[in-house]
Each structure stands twice: as C-alpha cells, then as structure tokens.
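Engineer: What follows is start.txt, compact mmCIF, C-alpha atoms.
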```txt
# COMPACT_ATOMS: atom_id res chain seq x y z
CA MET I 1 37.32 7.62 163.90
CA ALA I 2 37.70 6.27 167.38
CA SER I 3 39.87 8.52 169.44
CA VAL I 4 40.08 9.89 172.94
CA ARG I 5 37.83 12.70 171.75
CA HIS I 6 35.01 10.22 171.02
CA PRO I 7 35.37 7.58 173.75
CA GLU I 8 31.78 6.45 173.31
CA ARG I 9 32.34 5.35 169.73
CA LEU I 10 33.02 1.70 169.02
CA GLY I 11 36.17 1.18 166.98
CA LEU I 12 39.93 0.97 166.97
CA HIS I 13 42.48 3.34 168.39
CA VAL I 14 45.37 2.65 166.02
CA ARG I 15 48.99 3.51 166.65
CA VAL I 16 51.48 2.68 163.91
CA VAL I 17 54.73 1.47 165.45
CA LEU I 18 57.64 2.23 163.12
CA ARG I 19 61.08 0.64 163.23
CA GLY I 20 62.93 1.72 166.34
CA GLY I 21 59.71 2.31 168.25
CA ASP I 22 58.56 5.69 166.94
CA VAL I 23 54.79 5.89 166.85
CA VAL I 24 52.26 7.67 164.64
CA GLY I 25 48.85 7.72 166.30
CA PRO I 26 45.60 9.67 166.23
CA GLY I 27 46.92 12.52 168.38
CA ARG I 28 49.71 13.36 165.96
CA ALA I 29 47.42 13.03 162.96
CA ASP I 30 44.81 15.26 164.62
CA LEU I 31 47.49 17.86 165.40
CA LEU I 32 48.82 17.97 161.83
CA GLU I 33 45.28 18.23 160.46
CA GLY I 34 44.53 21.02 162.94
CA ILE I 35 47.63 22.92 161.80
CA ALA I 36 46.52 22.60 158.17
CA ARG I 37 43.02 23.78 159.09
CA HIS I 38 43.99 26.68 161.35
CA GLY I 39 47.23 27.66 159.64
CA SER I 40 48.71 27.83 163.13
CA ILE I 41 50.51 25.44 165.46
CA ALA I 42 49.26 27.39 168.49
CA ALA I 43 45.61 27.32 167.40
CA ALA I 44 45.77 23.62 166.54
CA GLY I 45 47.30 22.82 169.91
CA ARG I 46 44.77 25.01 171.75
CA GLU I 47 41.90 23.18 170.09
CA MET I 48 43.33 19.93 171.47
CA GLY I 49 43.91 21.39 174.93
CA MET I 50 47.68 21.44 174.69
CA SER I 51 50.17 24.23 175.22
CA TYR I 52 52.04 25.79 172.31
CA ARG I 53 55.21 24.27 173.71
CA ARG I 54 53.66 20.80 173.72
CA ALA I 55 52.28 21.17 170.20
CA TRP I 56 55.59 22.48 168.91
CA THR I 57 57.47 19.61 170.59
CA LEU I 58 55.16 17.06 168.96
CA VAL I 59 55.65 18.65 165.53
CA ALA I 60 59.43 18.62 166.06
CA ASP I 61 59.29 14.98 167.11
CA ILE I 62 57.35 13.97 164.00
CA ALA I 63 59.93 15.81 161.88
CA ARG I 64 62.77 14.03 163.70
CA CYS I 65 61.03 10.69 163.13
CA PHE I 66 60.62 11.30 159.39
CA GLY I 67 63.95 13.09 158.90
CA ALA I 68 62.49 16.26 157.35
CA PRO I 69 60.08 19.08 158.26
CA VAL I 70 56.36 18.28 158.34
CA VAL I 71 55.28 21.89 158.98
CA VAL I 72 56.63 25.15 157.56
CA THR I 73 55.97 28.51 159.18
CA ALA I 74 56.12 31.79 157.31
CA PRO I 75 57.06 34.99 159.14
CA GLY I 76 54.09 37.36 159.29
CA GLY I 77 52.53 40.36 160.91
CA ALA I 78 50.83 40.82 164.24
CA GLN I 79 49.06 37.48 163.92
CA GLY I 80 52.26 35.70 162.96
CA GLY I 81 52.68 34.04 159.61
CA GLY I 82 50.82 30.97 158.53
CA ALA I 83 51.82 27.42 159.29
CA THR I 84 51.25 24.86 156.58
CA LEU I 85 52.03 21.21 156.15
CA THR I 86 54.87 20.19 153.87
CA ASP I 87 54.23 17.51 151.26
CA LEU I 88 55.77 15.07 153.74
CA GLY I 89 53.39 16.22 156.49
CA GLU I 90 50.42 15.78 154.19
CA GLN I 91 51.60 12.30 153.19
CA VAL I 92 52.04 11.26 156.82
CA VAL I 93 48.48 12.34 157.67
CA ALA I 94 46.98 10.79 154.54
CA LEU I 95 48.71 7.44 155.08
CA TYR I 96 47.81 7.35 158.77
CA ARG I 97 44.13 8.03 157.98
CA ARG I 98 44.15 5.31 155.31
CA ILE I 99 45.67 2.87 157.82
CA GLU I 100 43.12 3.85 160.48
CA ALA I 101 40.20 3.47 158.07
CA ALA I 102 41.42 0.15 156.64
CA ALA I 103 42.05 -1.30 160.11
CA ASN I 104 38.56 -0.30 161.24
CA ALA I 105 36.90 -1.61 158.09
CA ALA I 106 38.70 -4.96 158.33
CA THR I 107 37.67 -5.56 161.94
CA GLU I 108 34.18 -4.12 162.18
CA ARG I 109 32.47 -7.47 162.65
CA GLU I 110 34.91 -8.71 165.32
CA VAL I 111 34.71 -5.40 167.20
CA VAL I 112 30.93 -5.69 167.31
CA ALA I 113 31.33 -9.29 168.53
CA LEU I 114 33.69 -8.14 171.31
CA GLU I 115 31.20 -5.47 172.39
CA ALA I 116 28.43 -8.10 172.31
CA LEU I 117 30.36 -10.27 174.81
CA ARG I 118 29.68 -7.57 177.40
CA HIS I 119 25.96 -8.15 177.20
CA ALA I 120 25.91 -11.93 176.76
CA GLY I 121 25.99 -12.61 180.50
CA ALA I 122 22.97 -10.43 181.16
CA GLU I 123 20.62 -12.48 178.97
CA MET Z 1 52.27 -8.70 166.95
CA ALA Z 2 53.53 -5.19 167.49
CA SER Z 3 53.51 -4.30 171.14
CA VAL Z 4 55.58 -2.35 173.60
CA ARG Z 5 57.57 -5.54 174.12
CA HIS Z 6 58.72 -5.48 170.48
CA PRO Z 7 59.11 -1.78 169.72
CA GLU Z 8 61.42 -2.50 166.79
CA ARG Z 9 58.77 -4.39 164.87
CA LEU Z 10 56.79 -2.58 162.22
CA GLY Z 11 53.05 -2.88 162.71
CA LEU Z 12 50.00 -1.67 164.55
CA HIS Z 13 49.41 -1.25 168.24
CA VAL Z 14 45.66 -1.79 168.34
CA ARG Z 15 43.34 -0.77 171.15
CA VAL Z 16 39.67 -1.64 170.81
CA VAL Z 17 37.55 1.18 172.22
CA LEU Z 18 34.22 -0.20 173.45
CA ARG Z 19 31.08 1.81 174.14
CA GLY Z 20 31.57 4.07 177.13
CA GLY Z 21 35.32 4.23 176.58
CA ASP Z 22 36.53 0.92 178.02
CA VAL Z 23 39.54 -0.35 176.12
CA VAL Z 24 40.91 -3.80 175.27
CA GLY Z 25 44.50 -3.56 174.13
CA PRO Z 26 47.61 -5.70 173.83
CA GLY Z 27 48.55 -5.37 177.51
CA ARG Z 28 45.28 -6.87 178.70
CA ALA Z 29 45.42 -9.62 176.10
CA ASP Z 30 49.04 -10.41 177.03
CA LEU Z 31 48.08 -10.57 180.70
CA LEU Z 32 45.17 -12.95 180.14
CA GLU Z 33 47.34 -15.16 177.92
CA GLY Z 34 50.05 -15.16 180.58
CA ILE Z 35 47.55 -16.23 183.24
CA ALA Z 36 46.41 -19.11 181.01
CA ARG Z 37 50.04 -20.12 180.39
CA HIS Z 38 51.31 -19.82 183.97
CA GLY Z 39 48.12 -20.76 185.79
CA SER Z 40 48.83 -17.78 188.02
CA ILE Z 41 47.93 -14.10 188.08
CA ALA Z 42 51.10 -13.31 190.05
CA ALA Z 43 53.40 -15.15 187.63
CA ALA Z 44 51.73 -13.60 184.59
CA GLY Z 45 52.09 -10.12 186.08
CA ARG Z 46 55.70 -10.75 187.10
CA GLU Z 47 56.57 -11.76 183.55
CA MET Z 48 55.21 -8.39 182.38
CA GLY Z 49 57.02 -6.48 185.12
CA MET Z 50 53.89 -5.58 187.07
CA SER Z 51 53.02 -6.10 190.71
CA TYR Z 52 50.44 -8.67 191.77
CA ARG Z 53 48.21 -5.82 192.84
CA ARG Z 54 48.44 -4.20 189.40
CA ALA Z 55 47.79 -7.51 187.61
CA TRP Z 56 44.84 -8.29 189.87
CA THR Z 57 43.41 -4.80 189.35
CA LEU Z 58 43.63 -5.20 185.56
CA VAL Z 59 41.88 -8.57 185.71
CA ALA Z 60 39.15 -7.08 187.91
CA ASP Z 61 38.74 -4.19 185.49
CA ILE Z 62 38.35 -6.51 182.49
CA ALA Z 63 35.71 -8.44 184.45
CA ARG Z 64 33.90 -5.20 185.31
CA CYS Z 65 33.99 -4.17 181.65
CA PHE Z 66 32.52 -7.49 180.47
CA GLY Z 67 30.14 -7.95 183.40
CA ALA Z 68 31.42 -11.39 184.43
CA PRO Z 69 34.64 -13.06 185.61
CA VAL Z 70 37.41 -13.60 183.06
CA VAL Z 71 39.67 -15.55 185.45
CA VAL Z 72 38.79 -18.15 188.09
CA THR Z 73 41.16 -19.11 190.88
CA ALA Z 74 41.03 -22.39 192.76
CA PRO Z 75 42.20 -22.61 196.39
CA GLY Z 76 45.34 -24.73 196.64
CA GLY Z 77 48.39 -25.70 198.69
CA ALA Z 78 51.62 -23.89 199.39
CA GLN Z 79 51.87 -22.73 195.78
CA GLY Z 80 48.29 -21.47 195.78
CA GLY Z 81 45.66 -22.91 193.51
CA GLY Z 82 45.63 -22.51 189.78
CA ALA Z 83 44.21 -19.56 187.91
CA THR Z 84 42.48 -20.28 184.63
CA LEU Z 85 40.55 -18.23 182.12
CA THR Z 86 36.79 -18.54 181.99
CA ASP Z 87 35.13 -19.12 178.63
CA LEU Z 88 34.49 -15.38 178.56
CA GLY Z 89 38.18 -14.66 179.23
CA GLU Z 90 39.20 -16.99 176.41
CA GLN Z 91 36.70 -15.38 174.04
CA VAL Z 92 37.98 -11.89 174.87
CA VAL Z 93 41.57 -12.89 174.12
CA ALA Z 94 40.66 -14.78 170.95
CA LEU Z 95 38.58 -11.92 169.56
CA TYR Z 96 41.23 -9.35 170.42
CA ARG Z 97 43.94 -11.38 168.65
CA ARG Z 98 41.71 -11.79 165.59
CA ILE Z 99 41.13 -8.03 165.53
CA GLU Z 100 44.85 -7.33 165.93
CA ALA Z 101 45.77 -9.78 163.16
CA ALA Z 102 43.08 -8.56 160.75
CA ALA Z 103 44.00 -4.91 161.33
CA ASN Z 104 47.67 -5.66 160.66
CA ALA Z 105 46.93 -7.74 157.57
CA ALA Z 106 44.65 -5.06 156.10
CA THR Z 107 47.23 -2.29 156.49
CA GLU Z 108 50.55 -3.98 155.81
CA ARG Z 109 51.20 -2.15 152.54
CA GLU Z 110 50.32 1.30 153.92
CA VAL Z 111 52.43 0.72 157.04
CA VAL Z 112 55.41 -0.14 154.87
CA ALA Z 113 54.70 3.02 152.84
CA LEU Z 114 54.63 5.13 156.02
CA GLU Z 115 57.96 3.65 157.12
CA ALA Z 116 59.35 4.30 153.62
CA LEU Z 117 58.53 8.03 153.97
CA ARG Z 118 61.24 8.20 156.63
CA HIS Z 119 63.90 7.29 154.15
CA ALA Z 120 62.63 9.16 151.10
CA GLY Z 121 64.40 12.41 152.05
CA ALA Z 122 67.77 10.72 152.35
CA GLU Z 123 67.87 9.58 148.73
```
Now that the file is in, can you turn its structure into structure tokens?
Structural biologist:
Amino acid sequence: MASVRHPERLGLHVRVVLRGGDVVGPGRADLLEGIARHGSIAAAGREMGMSYRRAWTLVADIARCFGAPVVVTAPGGAQGGGATLTDLGEQVVALYRRIEAAANAATEREVVALEALRHAGAE
Amino acid sequence: MASVRHPERLGLHVRVVLRGGDVVGPGRADLLEGIARHGSIAAAGREMGMSYRRAWTLVADIARCFGAPVVVTAPGGAQGGGATLTDLGEQVVALYRRIEAAANAATEREVVALEALRHAGAE
C-alpha cells in the first residue's frame, strides 16, 4: 500500500475521517499491525521510529475514538507481558485495510492518468 | 468531499502519492479550484486562510511536480490581472476529484462499518 514508508509507489494515501473529525489512517493501522506482530507496543513503535510514549499515546487515542480498548497487555516477566489486539482492534485494522485496498482498486486507472500528466509536456 | 474544512463529515481524505513521493491532495485541489473561481491566487489563498506567499509556493510546487505551469497570470490594473488555470491545471483538478469521488464511492459501506464500530460497545 502507498504510505510514507514507500513514497516511490504510485497509489493512494487514505485517511478515513470519522464523525467529529477523528481519523484512521495508515500510520495507526501500521502500528496496530506491528503490535500484533511483535506482541509489544514498544517494539512496534520502535520499528516505526517512534518513542514508546508516542506509540502508547496513539493506541490510547484509537481506544478513545472507538470507546473501548484496541490493545490488551498482559503482565509478564523480565521482557514484560505480551500485547495483543482486542477483537475491536483487529476489526479496526481489517476494515481500514479493506477500505485502503478498495479505494486503490477503484482509482488505479485515474491515478495512472494523473501520473501520466507529469510526462505529457515532455513529449 | 471529506476534507479538513468539513471534519464532521464521514468519508475519505485522499492523497494521491505520485512516483518520487510528490502528493496531490484535497488542499492543492481546493487551492486550484479557488484560483479558477476567484481569478486570483491571493484571494484563493485568503479564502483558505493562507498567505499569498504560501499559496504561490503551493502553486509553484504543483507546477514543478507536473513539469509545466498550472496557473497563468495576466498583468492588469489596480486589481492586478486575472489568474486562470492552464489546461494542465484543469486536468489535475478534474482527475483528482474523480479519484476522490471514486475512492469514496467504492468504500462507502466499509466506512459506515468502521464508524459503526465506535458505537458497538455502547449497546
């Protein structure tokens, strides 16, 4: 998917604007997916170049937006417990990725046409 | 369309990421449309709460991205001449709006489902 991590790739950067102005975009989806993959908020944030505090704040903000936890953390040993997504967190990620994919699929031809405008003048 | 000017409206905020990382988003489209409507870069920028310098810089950056002018200005009297979009400028706006509309249309059901997740916990 197009995101700030792949700026060379042609496609859409999609933010879903919810009622009241809250936004679900690729950064939040990437973070939740990273937490599911690493089992850790800190590791997911680190992979994206953000501090633990920043990652935790984003997770808390998604939970506020949806009115329930999106990540649960279990107490653990020296490594800390694992962090996992709640059903709600998994649904948020899955729906966002479906929206991102559907938006890209529906606009592929026009996006190519917009890119082609950049080269029309050179011919 | 969903944009920062209508944060309460449910929908997508769509940025088209072109090769190399240049982006065409709602702000640039709004600015070009404002220039066409007002016949003035300054007036279009003012309407969006940006300085003339900022508006001019954005117009110059769109032109750099597409390799040709997107706005032409005619010398004029006390009010200054008129600013109009070039064919390229009009094509950029038209394609962006088609992309924005198609992306929204293709994802309407999933966006409503994402919004509905916010209220599921309260039932």
Engineer: Would you mind listing what lies within 7 Å of range 114-121 of chain I as JSON, numbers by chain, with only C-alpha atoms counted and same-chain residues fewer than 3 positions away left out?
Structural biologist: {"I": [110, 111], "Z": [18, 65, 66, 67, 68, 92, 95]}
Engineer: Counting only C-alpha atoms, give me one row per residue of chain I with an atom at most 6 Å from an atom of chain Z, showing the shortest contact pair and its distance in Å to one decimal, sorted by chain then residue number, as CSV.
Structural biologist:
```
residue,atom,partner,partner_atom,distance
I:Pro7,CA,Z:Gly21,CA,4.4
I:Glu8,CA,Z:Gly20,CA,4.5
I:Arg9,CA,Z:Arg19,CA,5.8
I:Leu10,CA,Z:Leu18,CA,5.0
I:Gly11,CA,Z:Val17,CA,5.4
I:Leu12,CA,Z:Val16,CA,4.7
I:His13,CA,Z:Arg15,CA,5.0
I:Val14,CA,Z:Val14,CA,5.0
I:Arg15,CA,Z:His13,CA,5.0
I:Val16,CA,Z:Leu12,CA,4.6
I:Val17,CA,Z:Gly11,CA,5.4
I:Leu18,CA,Z:Leu10,CA,5.0
I:Arg19,CA,Z:Glu8,CA,4.8
I:Gly20,CA,Z:Glu8,CA,4.5
I:Gly21,CA,Z:Pro7,CA,4.4
I:Phe66,CA,Z:Arg118,CA,4.2
I:Ile99,CA,Z:Thr107,CA,5.6
I:Ala103,CA,Z:Ala103,CA,4.3
I:Thr107,CA,Z:Ile99,CA,5.6
I:Arg118,CA,Z:Phe66,CA,4.2
```
Engineer: Have a look at Z:Arg28, Z:Thr73, Z:Arg37, Z:Ala43 and name the one nearest to Thr57 in chain Z; count only C-alpha atoms.
Structural biologist: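 Ranked by minimum distance to Thr57 in chain Z, first place goes to Z:Arg28.
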Engineer: For the atom pair CA of Val72 in chain Z and CA of Ile41 in chain Z, what is the interatomic distance in Å to one decimal place?
Structural biologist: 10.0 Å
Engineer: Write out the coordinates of chain Z as a tab-separated table (two decimals) with C-alpha atoms, in the coordinates of the input after a least-squares overlay onto chain I built on all ordered Cα pairs.
Structural biologist:
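Ended up saving to superposed_17.tsv:
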```
chain	number	residue	atom	x	y	z
Z	1	MET	CA	37.38	7.57	163.79
Z	2	ALA	CA	37.68	6.29	167.32
Z	3	SER	CA	39.90	8.52	169.38
Z	4	VAL	CA	40.13	9.84	172.89
Z	5	ARG	CA	37.89	12.68	171.73
Z	6	HIS	CA	35.06	10.23	171.00
Z	7	PRO	CA	35.42	7.60	173.71
Z	8	GLU	CA	31.81	6.48	173.28
Z	9	ARG	CA	32.35	5.37	169.71
Z	10	LEU	CA	33.04	1.73	169.01
Z	11	GLY	CA	36.19	1.18	166.99
Z	12	LEU	CA	39.94	0.97	166.98
Z	13	HIS	CA	42.50	3.34	168.40
Z	14	VAL	CA	45.38	2.64	166.04
Z	15	ARG	CA	49.02	3.49	166.65
Z	16	VAL	CA	51.50	2.67	163.91
Z	17	VAL	CA	54.76	1.46	165.46
Z	18	LEU	CA	57.66	2.23	163.11
Z	19	ARG	CA	61.11	0.65	163.23
Z	20	GLY	CA	62.96	1.73	166.34
Z	21	GLY	CA	59.73	2.32	168.24
Z	22	ASP	CA	58.58	5.70	166.93
Z	23	VAL	CA	54.81	5.89	166.84
Z	24	VAL	CA	52.26	7.67	164.64
Z	25	GLY	CA	48.87	7.71	166.29
Z	26	PRO	CA	45.62	9.65	166.21
Z	27	GLY	CA	46.92	12.51	168.36
Z	28	ARG	CA	49.72	13.33	165.95
Z	29	ALA	CA	47.43	13.02	162.95
Z	30	ASP	CA	44.82	15.25	164.63
Z	31	LEU	CA	47.49	17.83	165.40
Z	32	LEU	CA	48.81	17.96	161.84
Z	33	GLU	CA	45.27	18.21	160.47
Z	34	GLY	CA	44.53	21.01	162.93
Z	35	ILE	CA	47.62	22.92	161.81
Z	36	ALA	CA	46.51	22.59	158.17
Z	37	ARG	CA	42.99	23.77	159.10
Z	38	HIS	CA	43.98	26.67	161.37
Z	39	GLY	CA	47.21	27.67	159.66
Z	40	SER	CA	48.70	27.81	163.14
Z	41	ILE	CA	50.51	25.43	165.47
Z	42	ALA	CA	49.27	27.39	168.50
Z	43	ALA	CA	45.62	27.31	167.41
Z	44	ALA	CA	45.78	23.61	166.53
Z	45	GLY	CA	47.29	22.80	169.92
Z	46	ARG	CA	44.78	25.00	171.75
Z	47	GLU	CA	41.91	23.16	170.10
Z	48	MET	CA	43.34	19.90	171.48
Z	49	GLY	CA	43.91	21.38	174.93
Z	50	MET	CA	47.70	21.42	174.69
Z	51	SER	CA	50.18	24.22	175.22
Z	52	TYR	CA	52.05	25.77	172.32
Z	53	ARG	CA	55.22	24.26	173.70
Z	54	ARG	CA	53.68	20.78	173.73
Z	55	ALA	CA	52.28	21.17	170.20
Z	56	TRP	CA	55.61	22.48	168.90
Z	57	THR	CA	57.48	19.62	170.58
Z	58	LEU	CA	55.17	17.06	168.95
Z	59	VAL	CA	55.67	18.64	165.53
Z	60	ALA	CA	59.44	18.63	166.05
Z	61	ASP	CA	59.32	14.98	167.09
Z	62	ILE	CA	57.36	13.96	163.99
Z	63	ALA	CA	59.94	15.81	161.87
Z	64	ARG	CA	62.78	14.03	163.69
Z	65	CYS	CA	61.06	10.68	163.12
Z	66	PHE	CA	60.63	11.31	159.38
Z	67	GLY	CA	63.95	13.10	158.88
Z	68	ALA	CA	62.49	16.27	157.35
Z	69	PRO	CA	60.07	19.08	158.25
Z	70	VAL	CA	56.35	18.28	158.34
Z	71	VAL	CA	55.26	21.89	158.98
Z	72	VAL	CA	56.61	25.15	157.55
Z	73	THR	CA	55.93	28.51	159.15
Z	74	ALA	CA	56.09	31.82	157.32
Z	75	PRO	CA	57.02	35.03	159.16
Z	76	GLY	CA	54.05	37.38	159.32
Z	77	GLY	CA	52.43	40.39	160.99
Z	78	ALA	CA	50.76	40.80	164.34
Z	79	GLN	CA	48.97	37.46	163.97
Z	80	GLY	CA	52.19	35.68	163.02
Z	81	GLY	CA	52.65	34.04	159.67
Z	82	GLY	CA	50.81	30.98	158.53
Z	83	ALA	CA	51.80	27.42	159.30
Z	84	THR	CA	51.22	24.86	156.58
Z	85	LEU	CA	52.01	21.20	156.15
Z	86	THR	CA	54.84	20.18	153.87
Z	87	ASP	CA	54.21	17.50	151.26
Z	88	LEU	CA	55.76	15.07	153.73
Z	89	GLY	CA	53.39	16.23	156.49
Z	90	GLU	CA	50.41	15.76	154.19
Z	91	GLN	CA	51.60	12.30	153.17
Z	92	VAL	CA	52.04	11.25	156.81
Z	93	VAL	CA	48.49	12.32	157.67
Z	94	ALA	CA	46.98	10.77	154.55
Z	95	LEU	CA	48.72	7.43	155.08
Z	96	TYR	CA	47.82	7.35	158.76
Z	97	ARG	CA	44.13	7.99	157.99
Z	98	ARG	CA	44.16	5.27	155.32
Z	99	ILE	CA	45.68	2.85	157.84
Z	100	GLU	CA	43.13	3.83	160.49
Z	101	ALA	CA	40.22	3.44	158.07
Z	102	ALA	CA	41.43	0.12	156.65
Z	103	ALA	CA	42.06	-1.31	160.12
Z	104	ASN	CA	38.57	-0.31	161.24
Z	105	ALA	CA	36.91	-1.64	158.10
Z	106	ALA	CA	38.72	-4.99	158.35
Z	107	THR	CA	37.68	-5.56	161.97
Z	108	GLU	CA	34.19	-4.12	162.19
Z	109	ARG	CA	32.46	-7.47	162.67
Z	110	GLU	CA	34.89	-8.71	165.34
Z	111	VAL	CA	34.71	-5.40	167.22
Z	112	VAL	CA	30.93	-5.66	167.32
Z	113	ALA	CA	31.33	-9.26	168.56
Z	114	LEU	CA	33.69	-8.11	171.33
Z	115	GLU	CA	31.20	-5.44	172.40
Z	116	ALA	CA	28.42	-8.06	172.29
Z	117	LEU	CA	30.34	-10.22	174.81
Z	118	ARG	CA	29.65	-7.52	177.40
Z	119	HIS	CA	25.95	-8.08	177.17
Z	120	ALA	CA	25.88	-11.86	176.75
Z	121	GLY	CA	25.92	-12.53	180.51
Z	122	ALA	CA	22.91	-10.33	181.14
Z	123	GLU	CA	20.57	-12.36	178.95
```
Engineer: Separation of CA of Arg46 in chain Z and CA of Leu58 in chain Z, in Å?
Structural biologist: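 Computing it gives 13.4 Å between the two atoms.
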Engineer: Kindly list the centre and edge lengths in Å, rounded to one decimal, for the axis-aligned box that covers all listed atoms of range 38-48 of chain I plus 6 Å on each of its six sides, as lines of an AutoDock Vina configuration file.
Structural biologist:
```
center_x = 46.2
center_y = 23.9
center_z = 165.7
size_x = 20.6
size_y = 19.9
size_z = 24.1
```
Engineer: What separation in Å, quoted to one decimal, exists between CA of Thr86 in chain I and CA of Pro69 in chain I?
Structural biologist: 6.9 Å
Engineer: With distances taken over only C-alpha atoms, which of Z:Met48, Z:Ala74, Z:Leu85, Z:Ala42 is nearest to Gly27 in chain Z?
Structural biologist: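 Looking at the shortest contact to Gly27 in chain Z, the residue is Z:Met48.
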Engineer: Report as a short mmCIF file (atom, residue, chain, number, x, y, z; two decimals) with C-alpha atoms, keeping the file's coordinate frame all protein, DNA and RNA residues lying within 10 Å of His38 in chain Z, evaluated on all atoms listed in the file, omitting residues in the same chain fewer than 6 positions from it.
Structural biologist:
```cif
data_model
loop_
_atom_site.label_atom_id
_atom_site.label_comp_id
_atom_site.auth_asym_id
_atom_site.auth_seq_id
_atom_site.Cartn_x
_atom_site.Cartn_y
_atom_site.Cartn_z
CA LEU Z 32 45.17 -12.95 180.14
CA ALA Z 44 51.73 -13.60 184.59
CA GLY Z 45 52.09 -10.12 186.08
CA GLU Z 47 56.57 -11.76 183.55
CA GLY Z 82 45.63 -22.51 189.78
CA ALA Z 83 44.21 -19.56 187.91
CA THR Z 84 42.48 -20.28 184.63
#
```
Engineer: Please produce range 85-105 of chain I, completed to N, CA and C atoms, as a PDB file, in the frame of the given file.
Structural biologist:
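Below is the file part-v5.pdb, written as the result:
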```pdb
ATOM      1  N   LEU I  85      51.356  22.493 156.203  1.00  0.00           N
ATOM      2  CA  LEU I  85      52.030  21.210 156.150  1.00  0.00           C
ATOM      3  C   LEU I  85      52.915  21.142 154.903  1.00  0.00           C
ATOM      4  N   THR I  86      54.050  20.513 155.041  1.00  0.00           N
ATOM      5  CA  THR I  86      54.870  20.190 153.870  1.00  0.00           C
ATOM      6  C   THR I  86      54.215  19.003 153.142  1.00  0.00           C
ATOM      7  N   ASP I  87      54.715  18.703 151.962  1.00  0.00           N
ATOM      8  CA  ASP I  87      54.230  17.510 151.260  1.00  0.00           C
ATOM      9  C   ASP I  87      54.386  16.274 152.158  1.00  0.00           C
ATOM     10  N   LEU I  88      55.535  16.202 152.834  1.00  0.00           N
ATOM     11  CA  LEU I  88      55.770  15.070 153.740  1.00  0.00           C
ATOM     12  C   LEU I  88      54.705  15.019 154.829  1.00  0.00           C
ATOM     13  N   GLY I  89      54.416  16.181 155.440  1.00  0.00           N
ATOM     14  CA  GLY I  89      53.390  16.220 156.490  1.00  0.00           C
ATOM     15  C   GLY I  89      52.043  15.756 155.980  1.00  0.00           C
ATOM     16  N   GLU I  90      51.699  16.207 154.770  1.00  0.00           N
ATOM     17  CA  GLU I  90      50.420  15.780 154.190  1.00  0.00           C
ATOM     18  C   GLU I  90      50.400  14.280 153.908  1.00  0.00           C
ATOM     19  N   GLN I  91      51.527  13.747 153.466  1.00  0.00           N
ATOM     20  CA  GLN I  91      51.600  12.300 153.190  1.00  0.00           C
ATOM     21  C   GLN I  91      51.494  11.480 154.468  1.00  0.00           C
ATOM     22  N   VAL I  92      52.115  11.973 155.527  1.00  0.00           N
ATOM     23  CA  VAL I  92      52.040  11.260 156.820  1.00  0.00           C
ATOM     24  C   VAL I  92      50.588  11.176 157.283  1.00  0.00           C
ATOM     25  N   VAL I  93      49.885  12.316 157.243  1.00  0.00           N
ATOM     26  CA  VAL I  93      48.480  12.340 157.670  1.00  0.00           C
ATOM     27  C   VAL I  93      47.632  11.430 156.787  1.00  0.00           C
ATOM     28  N   ALA I  94      47.812  11.560 155.477  1.00  0.00           N
ATOM     29  CA  ALA I  94      46.980  10.790 154.540  1.00  0.00           C
ATOM     30  C   ALA I  94      47.190   9.289 154.741  1.00  0.00           C
ATOM     31  N   LEU I  95      48.447   8.870 154.888  1.00  0.00           N
ATOM     32  CA  LEU I  95      48.710   7.440 155.080  1.00  0.00           C
ATOM     33  C   LEU I  95      48.160   6.963 156.410  1.00  0.00           C
ATOM     34  N   TYR I  96      48.356   7.760 157.467  1.00  0.00           N
ATOM     35  CA  TYR I  96      47.810   7.350 158.770  1.00  0.00           C
ATOM     36  C   TYR I  96      46.297   7.182 158.680  1.00  0.00           C
ATOM     37  N   ARG I  97      45.602   8.130 158.059  1.00  0.00           N
ATOM     38  CA  ARG I  97      44.130   8.030 157.980  1.00  0.00           C
ATOM     39  C   ARG I  97      43.704   6.824 157.136  1.00  0.00           C
ATOM     40  N   ARG I  98      44.474   6.503 156.097  1.00  0.00           N
ATOM     41  CA  ARG I  98      44.150   5.310 155.310  1.00  0.00           C
ATOM     42  C   ARG I  98      44.335   4.049 156.154  1.00  0.00           C
ATOM     43  N   ILE I  99      45.411   4.015 156.948  1.00  0.00           N
ATOM     44  CA  ILE I  99      45.670   2.870 157.820  1.00  0.00           C
ATOM     45  C   ILE I  99      44.544   2.730 158.852  1.00  0.00           C
ATOM     46  N   GLU I 100      44.170   3.855 159.462  1.00  0.00           N
ATOM     47  CA  GLU I 100      43.120   3.850 160.480  1.00  0.00           C
ATOM     48  C   GLU I 100      41.799   3.343 159.893  1.00  0.00           C
ATOM     49  N   ALA I 101      41.465   3.853 158.693  1.00  0.00           N
ATOM     50  CA  ALA I 101      40.200   3.470 158.070  1.00  0.00           C
ATOM     51  C   ALA I 101      40.213   1.996 157.654  1.00  0.00           C
ATOM     52  N   ALA I 102      41.334   1.543 157.089  1.00  0.00           N
ATOM     53  CA  ALA I 102      41.420   0.150 156.640  1.00  0.00           C
ATOM     54  C   ALA I 102      41.382  -0.808 157.830  1.00  0.00           C
ATOM     55  N   ALA I 103      42.049  -0.442 158.914  1.00  0.00           N
ATOM     56  CA  ALA I 103      42.050  -1.300 160.110  1.00  0.00           C
ATOM     57  C   ALA I 103      40.639  -1.393 160.687  1.00  0.00           C
ATOM     58  N   ASN I 104      39.931  -0.282 160.735  1.00  0.00           N
ATOM     59  CA  ASN I 104      38.560  -0.300 161.240  1.00  0.00           C
ATOM     60  C   ASN I 104      37.630  -1.112 160.334  1.00  0.00           C
ATOM     61  N   ALA I 105      37.781  -0.911 159.027  1.00  0.00           N
ATOM     62  CA  ALA I 105      36.900  -1.610 158.090  1.00  0.00           C
ATOM     63  C   ALA I 105      37.116  -3.123 158.166  1.00  0.00           C
TER      64      ALA I 105
END
```
